[in-house]
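> Got a structure for you, written out below as structure tokens; questions coming shortly.
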Amino acid sequence: MKIIYIFALLLVFLATFISAGRDFYKILNIPKSATLNQVKKAYRKLAKELHPDKNKNDPQAQERFQDLGAAYETLSDADKRKIYDKSGEEGLKQQGGGDSSHDPFSSFFGDFFNFGGGSRDDGQKHIPRGGDLVMDLYVTLEEVYSGNFIEVVRARPTPKTTSGSRKCNCRMEMRTSQMGPGRFQMIQEQVCDDCPNIKFVTEEKVLEIEVESGVSDGYEISFHAEGEPHIEGEPGDLKFIIRIQTHPYFERKKNDLYTNLTVTLQDALNGFNVSFPHLDGHQVTVNREKITWPGARIKKKGEGLPQHDQNNIIGDLYVTIDVDFPKGELNDEQREAIRTLLHQESKHRLYNGL
């Protein structure tokens with residue numbers, strides 16, 4: 001009887017395990033508390049690594065890539081994620097949201113992605129391409145510091161087959177004709193193929209643009225085949241050029257940040273303790289217990305920007321102190337009190353400060 005009971009428990013456990021389906025958090029290698037940006041970042045990173053075109057000798061590459069797409073589709077959608085967290089993949093299927101034919105890969109990289117680094121036609125023959133589109137993408141220094149994803153809706157003309165035919169693949173060829181006995185004429189004429197007729201229909205597509213931490217101004221992000229179409233070839237590329245907006249408090253120089261802090265003359269002489277918010281909201285504290293002169297520069301190590309290609313390398317923050325001198329006039333008694341306090345002789349020095 002005891003053996004039957006244990007066997008029944010084992011069956012229940014196996015049924016539960018099977019119905020739970022795939023572990024989407026494990027597939028994306030993220031915690032269950034991951035934010036939407038973390039989900040997108042994890043998918044983008046793994047999609048490049050696991051794409052079947054990059055793993056042609058791996059028979060399971062296509063299956064892993066499909067699992068990755070299903071994980072992203074679920075965890076990037078707030079409603080689907082809520083159902084999945086409560087009831088797993090089986091719950092999604094019961095709600096009709098378990099199967100999706102949408103491929104998120106093109107939203108991050110475009111319709112084509114060249115892993116080899118060459119041209120799309122692999123040098124076999126020249127394939128006509130549409131024009132590239134180049135756009136400036138303005139981002140904040142906060143986005144450069146922390147990283148972010150920006151969604152852009154692309155309205156793109158998409159070719160669709162329609163009724164009728166058209167002349168295509170036209171080229172010039174030489175034709176030889178006999179003019180008489182022993183006389184031939186060679187003429188050049190245009191030769192075309194017959195192709196199905198095409199019309200362009202405007203379709204909207206959401207592109208996910210990753211602003212990577214530490215990215216530099218002028219950095220180019222390309223979406224393959226999202227540019228202008230070509231009726232007899234492939235579309236061009238859509239390129240976004242990062243443009244970092246001017247910040248009211250911080251100036252960037254490579255990986256370092258610079259800012260100015262104004263203190264009163266009293267604080268400059270007596271010392272001060274001031275905190276201000278950084279680009280991600282955490283507080284930076286500047287503490288001085290001695291006299292601070294105008295133009296003094298204080299270095300806060302590791303409070304700059306992460307390096308774009310190596311995020312573990314972080315720049316510094318330099319705080320330049322400005323002193324706000326009091327306005328108004330001092331009376332004779334106050335002047336004498338200052339002279340007594342400072343014990344300084346009056347002296348002047350002329351020099352080239354540049």
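Labels used: A, B, ... for chains in the order of the structure tokens, numbers from 1 for residues in each chain, and numbers from 1 for ligands as shown.
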Residues of region 198-264 of chain A that have any atom at most 10 Å from an atom of region 279-286 of chain A: could you tabulate them with the shortest-distance atom pair and the distance in Å to one decimal, using only C-alpha atoms, ordered by chain and increasing number, as a tab-separated table?

```
residue	atom	partner	partner_atom	distance
A:His247	CA	A:Leu279	CA	10.0
A:Tyr249	CA	A:Leu279	CA	9.5
A:Phe250	CA	A:Leu279	CA	8.7
A:Leu261	CA	A:Val286	CA	9.5
```
> DSSP on the backbone, alpha helix (DSSP H) only: what residues of region 79-227 of chain A does that give? Format it as a ChimeraX atom specification.
/A:79-94,105-109,141-146
> Using only C-alpha atoms, what table do you get, as a Markdown table, when you list each residue of region 144-199 of chain A with an atom no more than 7 Å from region 209-217 of chain A, its nearest pair of atoms, and their distance in Å rounded to one decimal, rows by chain then rising number?

```
| residue | atom | partner | partner_atom | distance |
| --- | --- | --- | --- | --- |
| A:Val144 | CA | A:Ser213 | CA | 5.1 |
| A:Tyr145 | CA | A:Ser213 | CA | 5.4 |
| A:Ser146 | CA | A:Ser213 | CA | 5.6 |
| A:Gly147 | CA | A:Ser213 | CA | 4.4 |
| A:Asn148 | CA | A:Val211 | CA | 5.1 |
| A:Phe149 | CA | A:Glu210 | CA | 4.5 |
| A:Ile150 | CA | A:Ile209 | CA | 5.1 |
| A:Glu151 | CA | A:Ile209 | CA | 6.2 |
```
> Would you write out those residues with all heavy atoms, as a compact mmCIF listing (two decimals), in the first residue's frame?

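Resulting contents of out-v1.txt:
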```
# COMPACT_ATOMS: atom_id res chain seq x y z
N VAL A 144 22.82 57.15 -21.23
CA VAL A 144 24.18 56.67 -21.52
C VAL A 144 24.80 56.07 -20.27
O VAL A 144 25.55 55.10 -20.35
CB VAL A 144 25.04 57.84 -22.05
CG1 VAL A 144 26.49 57.41 -22.22
CG2 VAL A 144 24.49 58.34 -23.38
N TYR A 145 24.48 56.62 -19.11
CA TYR A 145 25.06 56.13 -17.85
C TYR A 145 24.49 54.76 -17.48
O TYR A 145 25.23 53.83 -17.16
CB TYR A 145 24.78 57.13 -16.73
CG TYR A 145 25.35 56.74 -15.38
CD1 TYR A 145 26.71 56.95 -15.10
CD2 TYR A 145 24.56 56.17 -14.39
CE1 TYR A 145 27.24 56.60 -13.87
CE2 TYR A 145 25.09 55.81 -13.17
CZ TYR A 145 26.43 56.03 -12.90
OH TYR A 145 26.96 55.66 -11.69
N SER A 146 23.17 54.62 -17.54
CA SER A 146 22.51 53.40 -17.07
C SER A 146 22.19 52.41 -18.19
O SER A 146 21.96 51.23 -17.93
CB SER A 146 21.22 53.76 -16.32
OG SER A 146 21.48 54.59 -15.22
N GLY A 147 22.15 52.89 -19.43
CA GLY A 147 21.69 52.05 -20.53
C GLY A 147 20.17 52.10 -20.63
O GLY A 147 19.48 52.32 -19.63
N ASN A 148 19.65 51.92 -21.84
CA ASN A 148 18.20 51.98 -22.01
C ASN A 148 17.82 51.38 -23.35
O ASN A 148 18.67 51.19 -24.22
CB ASN A 148 17.72 53.44 -21.93
CG ASN A 148 16.21 53.55 -21.80
OD1 ASN A 148 15.56 52.63 -21.29
ND2 ASN A 148 15.65 54.63 -22.26
N PHE A 149 16.55 51.06 -23.51
CA PHE A 149 16.00 50.64 -24.79
C PHE A 149 14.97 51.68 -25.24
O PHE A 149 14.14 52.12 -24.45
CB PHE A 149 15.33 49.27 -24.70
CG PHE A 149 16.30 48.13 -24.78
CD1 PHE A 149 16.90 47.64 -23.64
CD2 PHE A 149 16.61 47.54 -26.00
CE1 PHE A 149 17.81 46.59 -23.69
CE2 PHE A 149 17.51 46.50 -26.07
CZ PHE A 149 18.11 46.01 -24.92
N ILE A 150 15.07 52.08 -26.49
CA ILE A 150 14.14 53.05 -27.05
C ILE A 150 13.36 52.37 -28.17
O ILE A 150 13.95 51.76 -29.07
CB ILE A 150 14.88 54.28 -27.60
CG1 ILE A 150 15.63 54.99 -26.46
CG2 ILE A 150 13.92 55.25 -28.28
CD1 ILE A 150 16.51 56.14 -26.92
N GLU A 151 12.05 52.46 -28.11
CA GLU A 151 11.20 51.88 -29.15
C GLU A 151 10.91 52.92 -30.22
O GLU A 151 10.49 54.03 -29.93
CB GLU A 151 9.89 51.36 -28.56
CG GLU A 151 10.06 50.11 -27.68
CD GLU A 151 8.73 49.52 -27.26
OE1 GLU A 151 7.68 50.14 -27.56
OE2 GLU A 151 8.72 48.44 -26.64
```
> With only C-alpha atoms as the atoms that count, which of A:Thr35, A:Asn29, A:Leu46, A:Leu238 lies nearest to Ala78 (chain A)?
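Counting only C-alpha atoms, the residue closest to Ala78 (chain A) is A:Thr35.
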> Please indicate the distance in Å from CA of Gly88 (chain A) to CA of Lys26 (chain A), rounded to one decimal place.
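Pair CA of Gly88 (chain A) / CA of Lys26 (chain A) returns 13.0 Å.
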> I need the residues in region 89-308 of chain A that are strand (DSSP E) according to DSSP; give them as a ChimeraX atom specification.
/A:133-139,148-180,183-211,220-223,238-244,251-253,256-264,272-277,283-288,297-300
> Region 175-202 of chain A near region 230-234 of chain A within 12 Å: what's each residue's closest atom pair and its distance in Å to one decimal, counting only C-alpha atoms, ordered by chain then ascending residue number, as CSV?

```
residue,atom,partner,partner_atom,distance
A:Asp193,CA,A:Glu232,CA,11.4
A:Asp194,CA,A:Glu232,CA,11.9
A:Cys195,CA,A:Glu232,CA,9.7
A:Pro196,CA,A:Glu232,CA,11.1
A:Asn197,CA,A:Ile231,CA,9.8
A:Ile198,CA,A:Ile231,CA,7.7
A:Lys199,CA,A:Ile231,CA,9.0
A:Phe200,CA,A:Ile231,CA,9.0
```
> Give one line per residue of region 65-175 of chain A that approaches region 180-189 of chain A to at most 10 Å, naming the two atoms of the closest pair and their distance in Å to one decimal, counting only C-alpha atoms; sort by chain then ascending residue number and deliver it as JSON lines.

```
{"residue": "A:Arg171", "atom": "CA", "partner": "A:Glu189", "partner_atom": "CA", "distance": 8.3}
{"residue": "A:Met172", "atom": "CA", "partner": "A:Glu189", "partner_atom": "CA", "distance": 5.5}
{"residue": "A:Glu173", "atom": "CA", "partner": "A:Gln188", "partner_atom": "CA", "distance": 5.6}
{"residue": "A:Met174", "atom": "CA", "partner": "A:Gln188", "partner_atom": "CA", "distance": 4.5}
{"residue": "A:Arg175", "atom": "CA", "partner": "A:Ile187", "partner_atom": "CA", "distance": 5.4}
```
> Can those selected residues be exported to a file as a PDB file, in the first residue's frame so that it contains N, CA, C and O atoms?

```pdb
ATOM      1  N   ARG A 171      19.036  43.858 -68.835  1.00  0.00           N
ATOM      2  CA  ARG A 171      20.465  43.997 -69.086  1.00  0.00           C
ATOM      3  C   ARG A 171      20.688  44.139 -70.595  1.00  0.00           C
ATOM      4  O   ARG A 171      19.799  43.833 -71.396  1.00  0.00           O
ATOM      5  N   MET A 172      21.873  44.627 -70.939  1.00  0.00           N
ATOM      6  CA  MET A 172      22.227  44.796 -72.343  1.00  0.00           C
ATOM      7  C   MET A 172      22.999  43.568 -72.827  1.00  0.00           C
ATOM      8  O   MET A 172      23.947  43.128 -72.171  1.00  0.00           O
ATOM      9  N   GLU A 173      22.554  43.004 -73.952  1.00  0.00           N
ATOM     10  CA  GLU A 173      23.217  41.841 -74.540  1.00  0.00           C
ATOM     11  C   GLU A 173      23.496  42.095 -76.013  1.00  0.00           C
ATOM     12  O   GLU A 173      22.797  42.882 -76.670  1.00  0.00           O
ATOM     13  N   MET A 174      24.520  41.431 -76.517  1.00  0.00           N
ATOM     14  CA  MET A 174      24.882  41.551 -77.924  1.00  0.00           C
ATOM     15  C   MET A 174      24.116  40.502 -78.736  1.00  0.00           C
ATOM     16  O   MET A 174      24.065  39.327 -78.374  1.00  0.00           O
ATOM     17  N   ARG A 175      23.497  40.938 -79.882  1.00  0.00           N
ATOM     18  CA  ARG A 175      22.781  40.019 -80.764  1.00  0.00           C
ATOM     19  C   ARG A 175      23.411  40.082 -82.165  1.00  0.00           C
ATOM     20  O   ARG A 175      23.676  41.170 -82.686  1.00  0.00           O
TER      21      ARG A 175
END
```
> Can you pull out the residues contacting Lys254 (chain A)? Cut-off 12 Å, using only C-alpha atoms, and skip same-chain residues under 6 positions away; I want them as a count of residues only.
14
> Which residues are near Asn287 (chain A)? Cut-off 9 Å, only C-alpha atoms, ignore same chain within fewer than 5 positions. Put them as a list of chain:residue names.
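Selected residues are A:Gly271, A:Phe272, A:Asn273, A:Val274, A:Ser275.
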> Measuring between only C-alpha atoms, which one of A:Glu208, A:Asp136, A:Asp111, A:Glu251 shows the shortest distance to Ser76 (chain A)?
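For Ser76 (chain A), the nearest of the given residues is A:Glu208.
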